[in-house]
file start.cif (mmCIF, C-alpha atoms)
data_my_file
loop_
_atom_site.label_atom_id
_atom_site.label_comp_id
_atom_site.auth_asym_id
_atom_site.auth_seq_id
_atom_site.Cartn_x
_atom_site.Cartn_y
_atom_site.Cartn_z
CA MET A 30 14.51 13.52 -2.63
CA ASN A 31 13.72 15.73 0.36
CA LEU A 32 11.50 18.78 -0.09
CA LYS A 33 11.28 21.86 2.12
CA LEU A 34 7.80 23.36 2.19
CA ILE A 35 7.21 26.98 3.10
CA HIS A 36 3.97 28.91 3.24
CA ASN A 37 4.42 32.30 1.65
CA PRO A 38 1.29 34.47 1.99
CA GLN A 39 2.47 36.57 -0.97
CA LEU A 40 2.51 33.46 -3.19
CA VAL A 41 -0.76 31.89 -2.03
CA THR A 42 -3.67 32.07 -4.41
CA ARG A 43 -6.86 32.45 -2.40
CA ASN A 44 -8.95 30.56 -4.98
CA SER A 45 -6.96 27.91 -6.84
CA GLN A 46 -8.45 25.34 -9.21
CA LEU A 47 -7.08 21.81 -9.42
CA SER A 48 -7.99 18.64 -11.32
CA ILE A 49 -7.51 15.57 -9.15
CA THR A 50 -6.85 12.19 -10.76
CA GLY A 51 -9.50 9.47 -10.69
CA SER A 52 -10.10 7.42 -7.57
CA LYS A 53 -7.47 4.73 -7.04
CA SER A 54 -10.06 2.57 -5.26
CA GLU A 55 -12.58 2.77 -8.10
CA THR A 56 -9.90 2.48 -10.80
CA ASN A 57 -8.37 -0.72 -9.43
CA ARG A 58 -11.77 -2.37 -9.03
CA LEU A 59 -12.81 -1.40 -12.55
CA LEU A 60 -9.48 -2.45 -14.08
CA LEU A 61 -10.09 -5.97 -12.75
CA LEU A 62 -13.69 -5.96 -14.00
CA GLN A 63 -12.49 -4.71 -17.40
CA ALA A 64 -10.07 -7.65 -17.56
CA LEU A 65 -12.99 -9.99 -16.87
CA TYR A 66 -15.39 -8.13 -19.19
CA PRO A 67 -13.38 -6.57 -22.07
CA ASN A 68 -16.33 -4.58 -23.45
CA LEU A 69 -15.97 -2.08 -20.58
CA THR A 70 -14.23 1.24 -21.38
CA LEU A 71 -12.87 3.39 -18.53
CA GLU A 72 -12.53 7.18 -18.39
CA ASN A 73 -10.61 9.36 -15.86
CA THR A 74 -8.58 6.44 -14.50
CA SER A 75 -6.08 7.07 -11.69
CA ASN A 76 -2.49 7.87 -12.69
CA SER A 77 -1.20 6.51 -9.38
CA ASP A 78 1.63 3.98 -9.18
CA ASP A 79 -0.78 1.45 -7.67
CA SER A 80 -3.16 1.69 -10.62
CA GLU A 81 -0.29 1.60 -13.11
CA VAL A 82 1.00 -1.59 -11.46
CA MET A 83 -2.49 -3.10 -11.53
CA SER A 84 -3.02 -2.23 -15.18
CA LYS A 85 0.41 -3.51 -16.23
CA ALA A 86 -0.06 -6.82 -14.42
CA LEU A 87 -3.43 -7.41 -16.08
CA GLN A 88 -2.26 -6.37 -19.56
CA ASN A 89 0.99 -8.34 -19.43
CA ALA A 90 -0.50 -11.55 -18.09
CA GLN A 91 0.65 -14.25 -20.50
CA PRO A 92 -1.16 -17.35 -21.75
CA ALA A 93 -0.43 -20.59 -19.92
CA THR A 94 3.21 -21.66 -20.25
CA ARG A 95 5.35 -24.43 -18.81
CA ASN A 96 6.95 -22.07 -16.27
CA PRO A 97 5.01 -19.73 -13.97
CA GLN A 98 5.02 -16.02 -14.86
CA LEU A 99 6.56 -13.72 -12.21
CA ILE A 100 4.42 -10.68 -11.43
CA ASN A 101 5.79 -8.02 -9.06
CA VAL A 102 3.32 -5.50 -7.60
CA HIS A 103 6.04 -3.70 -5.56
CA HIS A 104 4.28 -1.69 -2.77
CA ALA A 105 0.75 -1.95 -4.20
CA GLY A 106 -1.34 -3.65 -1.52
CA THR A 107 -4.64 -3.34 -3.38
CA ALA A 108 -3.10 -4.93 -6.46
CA MET A 109 -1.73 -7.82 -4.37
CA ARG A 110 -5.16 -8.61 -2.90
CA PHE A 111 -7.17 -8.14 -6.11
CA LEU A 112 -4.71 -9.97 -8.35
CA THR A 113 -4.55 -12.93 -5.96
CA ALA A 114 -8.27 -13.48 -6.56
CA TYR A 115 -8.05 -12.67 -10.27
CA PHE A 116 -5.29 -15.17 -11.08
CA ALA A 117 -6.98 -17.85 -8.97
CA ILE A 118 -9.72 -18.09 -11.64
CA GLN A 119 -7.53 -17.80 -14.76
CA GLU A 120 -7.80 -21.41 -15.90
CA GLY A 121 -4.53 -22.97 -17.04
CA LYS A 122 -2.33 -20.02 -16.03
CA GLU A 123 0.27 -20.19 -13.28
CA VAL A 124 1.88 -17.11 -11.74
CA VAL A 125 4.10 -16.20 -8.83
CA LEU A 126 2.75 -13.00 -7.32
CA THR A 127 5.31 -11.05 -5.31
CA GLY A 128 6.12 -7.54 -4.12
CA SER A 129 8.52 -5.38 -2.13
CA ASN A 130 10.11 -6.46 1.16
CA ARG A 131 7.36 -4.59 3.02
CA MET A 132 4.72 -6.39 0.92
CA LYS A 133 6.20 -9.70 2.04
CA GLU A 134 5.45 -8.62 5.63
CA ARG A 135 1.78 -7.80 4.95
CA PRO A 136 -0.57 -10.69 5.79
CA ILE A 137 -2.74 -12.30 3.13
CA LYS A 138 -3.67 -15.60 4.76
CA ILE A 139 -7.34 -14.72 5.31
CA LEU A 140 -7.87 -14.08 1.60
CA VAL A 141 -5.89 -17.15 0.56
CA GLU A 142 -7.90 -19.38 2.92
CA ALA A 143 -11.17 -17.95 1.58
CA LEU A 144 -10.10 -18.64 -2.01
CA ARG A 145 -9.05 -22.15 -1.00
CA GLN A 146 -12.57 -22.68 0.41
CA LEU A 147 -13.81 -21.93 -3.11
CA GLY A 148 -11.36 -24.47 -4.56
CA ALA A 149 -8.38 -22.29 -5.48
CA GLU A 150 -4.85 -23.69 -5.65
CA ILE A 151 -2.45 -21.25 -3.95
CA ILE A 152 0.92 -22.05 -2.35
CA TYR A 153 3.11 -19.83 -0.17
CA GLU A 154 6.56 -19.54 -1.73
CA GLU A 155 8.30 -18.33 1.44
CA GLN A 156 6.64 -17.52 4.79
CA GLU A 157 3.26 -19.08 5.64
CA GLY A 158 0.51 -16.48 5.40
CA PHE A 159 2.49 -13.90 3.42
CA PRO A 160 3.49 -13.20 -0.20
CA PRO A 161 4.96 -14.29 -2.54
CA LEU A 162 2.24 -16.64 -3.74
CA ARG A 163 2.27 -19.35 -6.39
CA ILE A 164 -1.20 -19.37 -7.95
CA LYS A 165 -2.46 -22.03 -10.37
CA GLY A 166 -5.60 -20.72 -12.04
CA LYS A 167 -8.56 -23.06 -12.28
CA LYS A 168 -12.32 -23.18 -12.50
CA LEU A 169 -13.84 -22.60 -9.05
CA SER A 170 -17.15 -24.39 -8.56
CA HIS A 171 -17.74 -23.81 -4.85
CA SER A 172 -19.87 -20.77 -4.05
CA LYS A 173 -19.99 -20.33 -0.26
CA VAL A 174 -17.30 -18.83 1.96
CA ASN A 175 -17.04 -17.33 5.46
CA LEU A 176 -14.77 -14.47 6.55
CA PRO A 177 -14.23 -12.53 9.79
CA ALA A 178 -16.17 -9.30 9.37
CA ASN A 179 -13.42 -7.03 10.75
CA VAL A 180 -10.80 -7.85 8.10
CA SER A 181 -9.57 -5.43 5.46
CA SER A 182 -12.34 -4.65 3.00
CA GLN A 183 -9.85 -5.37 0.20
CA TYR A 184 -10.05 -9.10 1.02
CA ILE A 185 -13.83 -8.94 0.75
CA SER A 186 -13.80 -6.84 -2.42
CA ALA A 187 -11.27 -9.18 -4.06
CA LEU A 188 -13.73 -12.05 -3.65
CA LEU A 189 -16.73 -9.98 -4.76
CA LEU A 190 -14.99 -8.78 -7.93
CA ILE A 191 -14.39 -12.30 -9.25
CA ALA A 192 -17.75 -13.60 -7.98
CA PRO A 193 -19.80 -13.01 -11.17
CA LYS A 194 -17.28 -15.14 -13.10
CA LEU A 195 -17.68 -18.09 -10.72
CA GLU A 196 -19.82 -20.91 -12.03
CA ASN A 197 -22.34 -20.60 -9.20
CA GLY A 198 -21.71 -17.03 -8.10
CA LEU A 199 -20.83 -16.32 -4.48
CA GLU A 200 -22.50 -16.30 -1.08
CA LEU A 201 -20.17 -14.56 1.38
CA THR A 202 -20.98 -14.62 5.10
CA LEU A 203 -19.18 -12.09 7.32
CA GLN A 204 -18.82 -13.14 10.94
CA GLY A 205 -18.95 -10.38 13.57
CA GLU A 206 -19.09 -6.60 13.24
CA ILE A 207 -18.34 -5.39 9.71
CA THR A 208 -15.67 -2.71 9.16
CA SER A 209 -15.09 -0.54 6.08
CA VAL A 210 -18.67 -0.94 4.86
CA PRO A 211 -18.40 1.94 2.33
CA TYR A 212 -15.64 0.13 0.40
CA ILE A 213 -17.75 -3.04 0.25
CA LYS A 214 -20.72 -1.02 -0.97
CA MET A 215 -18.49 0.66 -3.57
CA THR A 216 -17.55 -2.74 -4.99
CA LEU A 217 -21.18 -3.88 -5.07
CA ALA A 218 -22.29 -0.61 -6.70
CA LEU A 219 -19.72 -1.02 -9.47
CA LEU A 220 -20.88 -4.62 -10.04
CA THR A 221 -24.46 -3.39 -10.23
CA GLU A 222 -23.43 -0.67 -12.71
CA ILE A 223 -22.19 -3.29 -15.17
CA GLY A 224 -25.35 -5.36 -14.76
CA VAL A 225 -24.41 -7.92 -12.09
CA GLU A 226 -27.14 -8.80 -9.59
CA THR A 227 -26.07 -8.50 -5.95
CA SER A 228 -27.58 -8.32 -2.47
CA PHE A 229 -26.22 -7.31 0.95
CA ILE A 230 -28.60 -8.32 3.72
CA GLY A 231 -27.41 -8.47 7.30
CA ASN A 232 -23.98 -10.10 7.23
CA THR A 233 -24.55 -12.03 4.00
CA ILE A 234 -23.51 -10.81 0.55
CA LYS A 235 -24.68 -12.62 -2.58
CA VAL A 236 -23.40 -12.10 -6.12
CA ASN A 237 -25.08 -13.88 -9.02
CA PRO A 238 -23.03 -15.42 -11.83
CA GLN A 239 -22.77 -13.41 -15.05
CA PRO A 240 -20.57 -14.94 -17.75
CA ALA A 241 -20.63 -11.79 -19.91
CA THR A 242 -21.94 -8.22 -19.87
CA ARG A 243 -24.62 -7.41 -22.42
CA ASN A 244 -23.41 -4.27 -24.19
CA PRO A 245 -20.28 -2.10 -24.41
CA GLN A 246 -20.18 0.42 -21.55
CA LEU A 247 -18.27 3.63 -20.84
CA LEU A 248 -17.63 4.15 -17.12
CA THR A 249 -16.36 7.51 -15.81
CA ILE A 250 -14.37 7.30 -12.57
CA GLU A 251 -14.87 9.96 -9.91
CA SER A 252 -11.78 11.79 -8.64
CA ASP A 253 -10.08 10.46 -5.52
CA TRP A 254 -11.47 11.63 -2.16
CA SER A 255 -8.39 10.46 -0.26
CA SER A 256 -6.36 12.87 -2.40
CA ALA A 257 -8.86 15.63 -1.62
CA SER A 258 -8.28 15.09 2.11
CA TYR A 259 -4.94 16.96 2.00
CA TRP A 260 -6.65 20.00 0.50
CA TYR A 261 -9.32 19.87 3.18
CA SER A 262 -6.49 19.94 5.73
CA ILE A 263 -4.85 22.90 3.95
CA MET A 264 -8.16 24.78 4.01
CA ALA A 265 -8.67 24.02 7.71
CA LEU A 266 -5.24 25.47 8.54
CA SER A 267 -5.63 28.49 6.23
CA GLU A 268 -7.00 31.98 6.88
CA ILE A 269 -10.74 32.58 6.76
CA GLY A 270 -11.81 33.31 3.18
CA THR A 271 -9.29 30.99 1.49
CA GLU A 272 -10.87 28.86 -1.27
CA ILE A 273 -9.92 26.07 -3.64
CA THR A 274 -11.89 24.28 -6.37
CA LEU A 275 -11.34 20.56 -7.03
CA SER A 276 -12.69 18.42 -9.86
CA SER A 277 -14.28 15.98 -10.60
CA TYR A 278 -16.46 15.26 -7.55
CA LYS A 279 -20.09 14.55 -6.84
CA PRO A 280 -22.17 14.74 -3.64
CA ASN A 281 -23.48 11.16 -3.90
CA SER A 282 -20.04 9.53 -4.00
CA LEU A 283 -19.36 5.78 -3.72
CA GLN A 284 -16.13 6.52 -1.82
CA GLY A 285 -16.14 6.22 1.96
CA ASP A 286 -13.67 9.08 2.30
CA SER A 287 -16.37 11.49 1.08
CA VAL A 288 -17.25 11.73 4.80
CA LEU A 289 -14.60 14.48 4.68
CA VAL A 290 -17.41 16.92 3.87
CA GLU A 291 -19.00 16.33 7.28
CA ILE A 292 -15.77 15.91 9.26
CA TYR A 293 -14.12 19.10 8.02
CA SER A 294 -17.23 21.22 8.41
CA ALA A 295 -16.38 21.04 12.15
CA PHE A 296 -12.96 22.50 11.28
CA GLY A 297 -14.56 25.47 9.52
CA VAL A 298 -14.37 24.17 5.94
CA GLU A 299 -17.49 24.50 3.79
CA THR A 300 -18.03 22.27 0.72
CA ILE A 301 -20.12 23.47 -2.23
CA PHE A 302 -20.82 21.13 -5.18
CA GLU A 303 -21.30 22.73 -8.58
CA ASN A 304 -20.86 21.58 -12.20
CA ASN A 305 -19.03 18.34 -11.39
CA SER A 306 -16.59 20.20 -9.11
CA MET A 307 -16.49 21.15 -5.45
CA LEU A 308 -15.46 24.42 -3.86
CA LEU A 309 -13.76 24.24 -0.46
CA ARG A 310 -13.93 27.46 1.56
CA LYS A 311 -12.57 28.30 5.03
CA THR A 312 -15.52 30.07 6.68
CA HIS A 313 -14.64 30.16 10.39
CA ASN A 314 -12.20 28.93 12.99
CA PRO A 315 -13.25 25.78 14.84
CA GLN A 316 -14.77 26.13 18.31
CA LEU A 317 -14.22 22.52 19.38
CA THR A 318 -12.61 21.77 22.73
CA ALA A 319 -11.93 18.13 21.77
CA TYR A 320 -12.56 15.97 18.74
CA ASN A 321 -13.57 12.30 19.02
CA LEU A 322 -14.02 10.34 15.82
CA GLN A 323 -14.66 6.71 14.90
CA LEU A 324 -12.90 6.02 11.58
CA ASN A 325 -13.78 2.36 11.09
CA ASN A 326 -15.21 3.12 7.65
CA CYS A 327 -12.49 5.51 6.47
CA PRO A 328 -9.13 4.72 8.13
CA ASP A 329 -7.09 6.12 5.20
CA ILE A 330 -7.87 9.71 6.25
CA ALA A 331 -6.78 9.22 9.89
CA GLN A 332 -3.28 10.60 9.30
CA THR A 333 -4.67 13.73 7.65
CA ILE A 334 -7.15 14.36 10.46
CA ALA A 335 -4.55 13.82 13.19
CA VAL A 336 -2.18 16.33 11.58
CA THR A 337 -5.03 18.81 11.04
CA CYS A 338 -5.96 18.65 14.73
CA PHE A 339 -2.33 19.16 15.75
CA GLY A 340 -1.99 22.12 13.40
CA LEU A 341 -5.11 23.70 14.88
CA GLY A 342 -3.99 23.00 18.45
CA LEU A 343 -7.00 20.75 19.06
CA PRO A 344 -6.95 17.58 21.16
CA CYS A 345 -8.48 14.53 19.49
CA ARG A 346 -9.09 10.83 19.92
CA LEU A 347 -9.36 8.72 16.75
CA THR A 348 -10.55 5.10 16.98
CA GLY A 349 -11.29 2.20 14.61
CA LEU A 350 -7.74 2.26 13.26
CA HIS A 351 -6.69 -1.40 13.65
CA THR A 352 -6.04 -1.82 9.90
CA LEU A 353 -3.42 0.97 9.90
CA LYS A 354 -0.83 -1.29 11.48
CA ILE A 355 -0.58 -3.45 8.32
CA LYS A 356 -0.41 -0.70 5.70
CA GLU A 357 2.73 0.53 3.89
CA THR A 358 4.09 1.05 7.41
CA ASP A 359 2.64 0.83 10.92
CA ARG A 360 0.88 4.14 10.47
CA LEU A 361 -0.07 4.58 14.12
CA GLU A 362 3.50 4.27 15.35
CA ALA A 363 4.75 6.41 12.46
CA LEU A 364 2.25 9.15 13.32
CA LYS A 365 3.27 9.06 16.97
CA THR A 366 6.98 9.34 16.13
CA GLU A 367 6.68 12.21 13.64
CA LEU A 368 4.09 14.23 15.57
CA THR A 369 6.24 13.93 18.69
CA LYS A 370 9.19 15.45 16.79
CA LEU A 371 6.95 18.41 15.99
CA GLY A 372 6.14 18.89 19.69
CA ALA A 373 2.92 16.89 20.04
CA LYS A 374 1.97 14.60 22.92
CA VAL A 375 0.56 11.42 21.38
CA THR A 376 -0.39 7.96 22.62
CA VAL A 377 -1.48 5.04 20.45
CA THR A 378 -2.99 1.60 21.00
CA HIS A 379 -3.53 -1.19 18.48
CA GLU A 380 -6.60 0.67 17.15
CA SER A 381 -6.58 4.27 18.40
CA LEU A 382 -4.65 7.53 18.55
CA THR A 383 -5.00 10.19 21.25
CA LEU A 384 -3.55 13.67 20.73
CA GLU A 385 -3.30 16.21 23.56
CA GLN A 386 -3.84 19.92 23.06
CA SER A 387 -0.71 21.80 21.99
CA GLU A 388 0.13 25.49 21.68
CA SER A 389 3.18 25.45 19.42
CA ILE A 390 4.75 23.55 16.50
CA ASN A 391 8.49 22.99 16.19
CA PRO A 392 9.64 24.51 12.86
CA ASN A 393 11.96 23.03 10.23
CA ILE A 394 11.41 19.46 11.39
CA SER A 395 12.29 16.72 8.89
CA ILE A 396 9.39 14.27 8.54
CA LYS A 397 10.27 10.66 7.82
CA THR A 398 7.76 9.09 5.43
CA TYR A 399 8.54 5.36 5.86
CA GLN A 400 7.92 4.74 2.12
CA ASP A 401 4.28 5.67 2.83
CA HIS A 402 2.62 8.13 0.45
CA ARG A 403 0.01 9.18 3.00
CA MET A 404 2.65 10.15 5.57
CA ALA A 405 4.23 12.53 3.04
CA MET A 406 1.00 14.24 2.04
CA ALA A 407 -0.68 14.26 5.47
CA PHE A 408 2.16 16.32 7.00
CA ALA A 409 2.55 18.73 4.07
CA PRO A 410 -0.35 21.04 5.17
CA LEU A 411 1.62 21.97 8.33
CA ALA A 412 3.68 24.23 6.03
CA ILE A 413 0.78 26.67 6.48
CA LYS A 414 2.01 27.09 10.06
CA VAL A 415 5.78 26.43 9.99
CA PRO A 416 8.44 25.41 7.45
CA VAL A 417 8.61 21.61 7.23
CA VAL A 418 10.83 19.11 5.37
CA ILE A 419 9.34 15.98 3.81
CA GLU A 420 11.81 13.12 3.32
CA GLU A 421 11.60 10.78 0.30
CA ALA A 422 8.91 13.03 -1.12
CA GLU A 423 8.74 11.06 -4.38
CA VAL A 424 6.71 8.41 -2.53
CA VAL A 425 3.52 10.39 -3.33
CA SER A 426 3.55 8.82 -6.80
CA LYS A 427 1.92 5.76 -5.26
CA SER A 428 -1.45 7.55 -5.19
CA TYR A 429 -1.11 11.23 -6.21
CA PRO A 430 1.89 11.80 -8.54
CA THR A 431 1.18 15.51 -9.17
CA PHE A 432 0.77 16.48 -5.50
CA TRP A 433 3.91 18.61 -5.21
CA ALA A 434 3.21 20.37 -8.52
CA ASP A 435 -0.34 21.06 -7.36
CA LEU A 436 1.00 22.42 -4.07
CA LYS A 437 3.22 24.81 -6.01
CA SER A 438 0.32 25.92 -8.19
CA ALA A 439 -1.63 26.74 -5.02
CA GLY A 440 1.15 29.12 -3.98
CA PHE A 441 3.46 27.06 -1.75
CA SER A 442 7.24 27.21 -1.98
CA VAL A 443 8.49 23.66 -2.63
CA VAL A 444 12.30 23.48 -2.65
CA GLU A 445 14.43 20.38 -3.10
CA GLN A 446 17.03 19.93 -0.33
#

call {"tool": "encode", "arguments": {"input": "start.cif", "output": "structure tokens"}}
result
Amino acid sequence: MNLKLIHNPQLVTRNSQLSITGSKSETNRLLLLQALYPNLTLENTSNSDDSEVMSKALQNAQPATRNPQLINVHHAGTAMRFLTAYFAIQEGKEVVLTGSNRMKERPIKILVEALRQLGAEIIYEEQEGFPPLRIKGKKLSHSKVNLPANVSSQYISALLLIAPKLENGLELTLQGEITSVPYIKMTLALLTEIGVETSFIGNTIKVNPQPATRNPQLLTIESDWSSASYWYSIMALSEIGTEITLSSYKPNSLQGDSVLVEIYSAFGVETIFENNSMLLRKTHNPQLTAYNLQLNNCPDIAQTIAVTCFGLGLPCRLTGLHTLKIKETDRLEALKTELTKLGAKVTVTHESLTLEQSESINPNISIKTYQDHRMAMAFAPLAIKVPVVIEEAEVVSKSYPTFWADLKSAGFSVVEQ
């Protein structure tokens, strides 16, 4: 479905209150840990498609049979990476892990090679280096593995999550400059929370073996900061004095995207934490002449920031974006194409985006989303400035299923075309 978004000042509530679903990143990590340690109970889990796919795959995994079980994760990249590691240690089970056509184009060789170093048995069913994968679960006795440090943190986290179940734990050496450190630290913090001993010194990460957790535990998942990014963008593009309250968030978050607090303060958005919620308030218009930002540690919010800058008429240069080319779509090229339709002047490289200053936005432009949830939601805040149409708007269910309903509740007109 295509949705036309219109900002109607008469409809807008200056102080809305929204409950955002639990973090997809935390949920998917903890779902895997819960499968390994069944005495864990999770609260405020994400209702995203990705987390639903992850949960279903773990719950429906069958005992060893003569024929391999087919497991389809569709577009869920995190599930593909995490489940590859998970099924590699499920002794006696054999699965074929597959996904959508786009998933079959997303590389996974680095993770597969790392698991093979540990002794895993994984075969490519079609193209070398890409899903689908035939995985024969077995006991992995090797404990040392090396990885390039600039790979997706999901490869690293996949290994770390299964590490406490390995006979000798894991010693992971990262070669080069590490990217996405916050996501690695999130994984280690969650392991620590359930009692696993870990260390991260220099470029070496160690995880001690832990066959079982000691006592039942209830773990409450913080709401998703990536989902909050779209509301930060809406606040930045809104009139001074506009407010919105989001729950449940905390100032000492494990999520790398919590850097939004600092980034959007430069756009005139103040963040106030209170009673497990945060209030976002537009306090002033930005005075920046140009905005340069290194997003190595939080590439998922690059689309939101680029659109915010365009909406404010600010030039920007965003770097550290090399992982965006292998997401649901090539996000850098997609951003360039759609922003250009709106009247922007954009150039991209393999790891950066440069946006020139602009004075106007073309109205009623139809934004192609490329089956990418973040494209749909990142462009929605422009409705503050001009009417905009979002194609295939249902794609938001991948991470934030209630986004359009929440937008309506905040006073936007959302009309199906």

call {"tool": "resolve_selection", "arguments": {"input": "start.cif", "expression": "the PyMOL selection byres ((chain A and resi 319) around 8)", "output": "PyMOL selection string"}}
result
chain A and resi 317-318+320-321+343-345

call {"tool": "resolve_selection", "arguments": {"input": "start.cif", "expression": "the PyMOL selection byres ((chain A and resi 220) around 12)", "output": "number ranges by chain"}}
result
A: 55, 58-59, 61-63, 65-66, 69, 186, 189-194, 213-219, 221-228, 235-239, 242, 248

call {"tool": "write_last_selection", "arguments": {"input": "start.cif", "atoms": "C-alpha atoms", "output": "PDB file, in the coordinates of the input"}}
result
ATOM      1  CA  GLU A  55     -12.580   2.770  -8.100  1.00  0.00           C
ATOM      2  CA  ARG A  58     -11.770  -2.370  -9.030  1.00  0.00           C
ATOM      3  CA  LEU A  59     -12.810  -1.400 -12.550  1.00  0.00           C
ATOM      4  CA  LEU A  61     -10.090  -5.970 -12.750  1.00  0.00           C
ATOM      5  CA  LEU A  62     -13.690  -5.960 -14.000  1.00  0.00           C
ATOM      6  CA  GLN A  63     -12.490  -4.710 -17.400  1.00  0.00           C
ATOM      7  CA  LEU A  65     -12.990  -9.990 -16.870  1.00  0.00           C
ATOM      8  CA  TYR A  66     -15.390  -8.130 -19.190  1.00  0.00           C
ATOM      9  CA  LEU A  69     -15.970  -2.080 -20.580  1.00  0.00           C
ATOM     10  CA  SER A 186     -13.800  -6.840  -2.420  1.00  0.00           C
ATOM     11  CA  LEU A 189     -16.730  -9.980  -4.760  1.00  0.00           C
ATOM     12  CA  LEU A 190     -14.990  -8.780  -7.930  1.00  0.00           C
ATOM     13  CA  ILE A 191     -14.390 -12.300  -9.250  1.00  0.00           C
ATOM     14  CA  ALA A 192     -17.750 -13.600  -7.980  1.00  0.00           C
ATOM     15  CA  PRO A 193     -19.800 -13.010 -11.170  1.00  0.00           C
ATOM     16  CA  LYS A 194     -17.280 -15.140 -13.100  1.00  0.00           C
ATOM     17  CA  ILE A 213     -17.750  -3.040   0.250  1.00  0.00           C
ATOM     18  CA  LYS A 214     -20.720  -1.020  -0.970  1.00  0.00           C
ATOM     19  CA  MET A 215     -18.490   0.660  -3.570  1.00  0.00           C
ATOM     20  CA  THR A 216     -17.550  -2.740  -4.990  1.00  0.00           C
ATOM     21  CA  LEU A 217     -21.180  -3.880  -5.070  1.00  0.00           C
ATOM     22  CA  ALA A 218     -22.290  -0.610  -6.700  1.00  0.00           C
ATOM     23  CA  LEU A 219     -19.720  -1.020  -9.470  1.00  0.00           C
ATOM     24  CA  THR A 221     -24.460  -3.390 -10.230  1.00  0.00           C
ATOM     25  CA  GLU A 222     -23.430  -0.670 -12.710  1.00  0.00           C
ATOM     26  CA  ILE A 223     -22.190  -3.290 -15.170  1.00  0.00           C
ATOM     27  CA  GLY A 224     -25.350  -5.360 -14.760  1.00  0.00           C
ATOM     28  CA  VAL A 225     -24.410  -7.920 -12.090  1.00  0.00           C
ATOM     29  CA  GLU A 226     -27.140  -8.800  -9.590  1.00  0.00           C
ATOM     30  CA  THR A 227     -26.070  -8.500  -5.950  1.00  0.00           C
ATOM     31  CA  SER A 228     -27.580  -8.320  -2.470  1.00  0.00           C
ATOM     32  CA  LYS A 235     -24.680 -12.620  -2.580  1.00  0.00           C
ATOM     33  CA  VAL A 236     -23.400 -12.100  -6.120  1.00  0.00           C
ATOM     34  CA  ASN A 237     -25.080 -13.880  -9.020  1.00  0.00           C
ATOM     35  CA  PRO A 238     -23.030 -15.420 -11.830  1.00  0.00           C
ATOM     36  CA  GLN A 239     -22.770 -13.410 -15.050  1.00  0.00           C
ATOM     37  CA  THR A 242     -21.940  -8.220 -19.870  1.00  0.00           C
ATOM     38  CA  LEU A 248     -17.630   4.150 -17.120  1.00  0.00           C
TER      39      LEU A 248
END

call {"tool": "residues_near_point", "arguments": {"input": "start.cif", "point": "(-20.9, -13.6, 16.8)", "cutoff": "12 Å", "atoms": "all atoms listed in the file", "output": "VMD selection string"}}
result
chain A and resid 176 to 179 202 to 207 232

call {"tool": "atom_distance", "arguments": {"input": "start.cif", "atom1": "CA of Leu364 in chain A", "atom2": "CA of Ser262 in chain A"}}
result
15.8 Å

call {"tool": "resolve_selection", "arguments": {"input": "start.cif", "expression": "the PyMOL selection byres ((chain A and resi 108) around 9)", "output": "MDAnalysis selection string"}}
result
chainID A and resid 57 79:80 82:83 86 102 104:107 109:113

call {"tool": "residues_around", "arguments": {"input": "start.cif", "residues": "Thr369 in chain A", "least_positions_apart": "3", "cutoff": "12 Å", "atoms": "only C-alpha atoms", "output": "PyMOL selection string"}}
result
chain A and resi 336+339+362-366+372-377+384-385+387+389-391+394-396

call {"tool": "closest_residue", "arguments": {"input": "start.cif", "among": "A:Gly166, A:Pro410, A:Pro430, A:Pro161", "to": "Gly148 in chain A", "atoms": "only C-alpha atoms"}}
result
A:Gly166
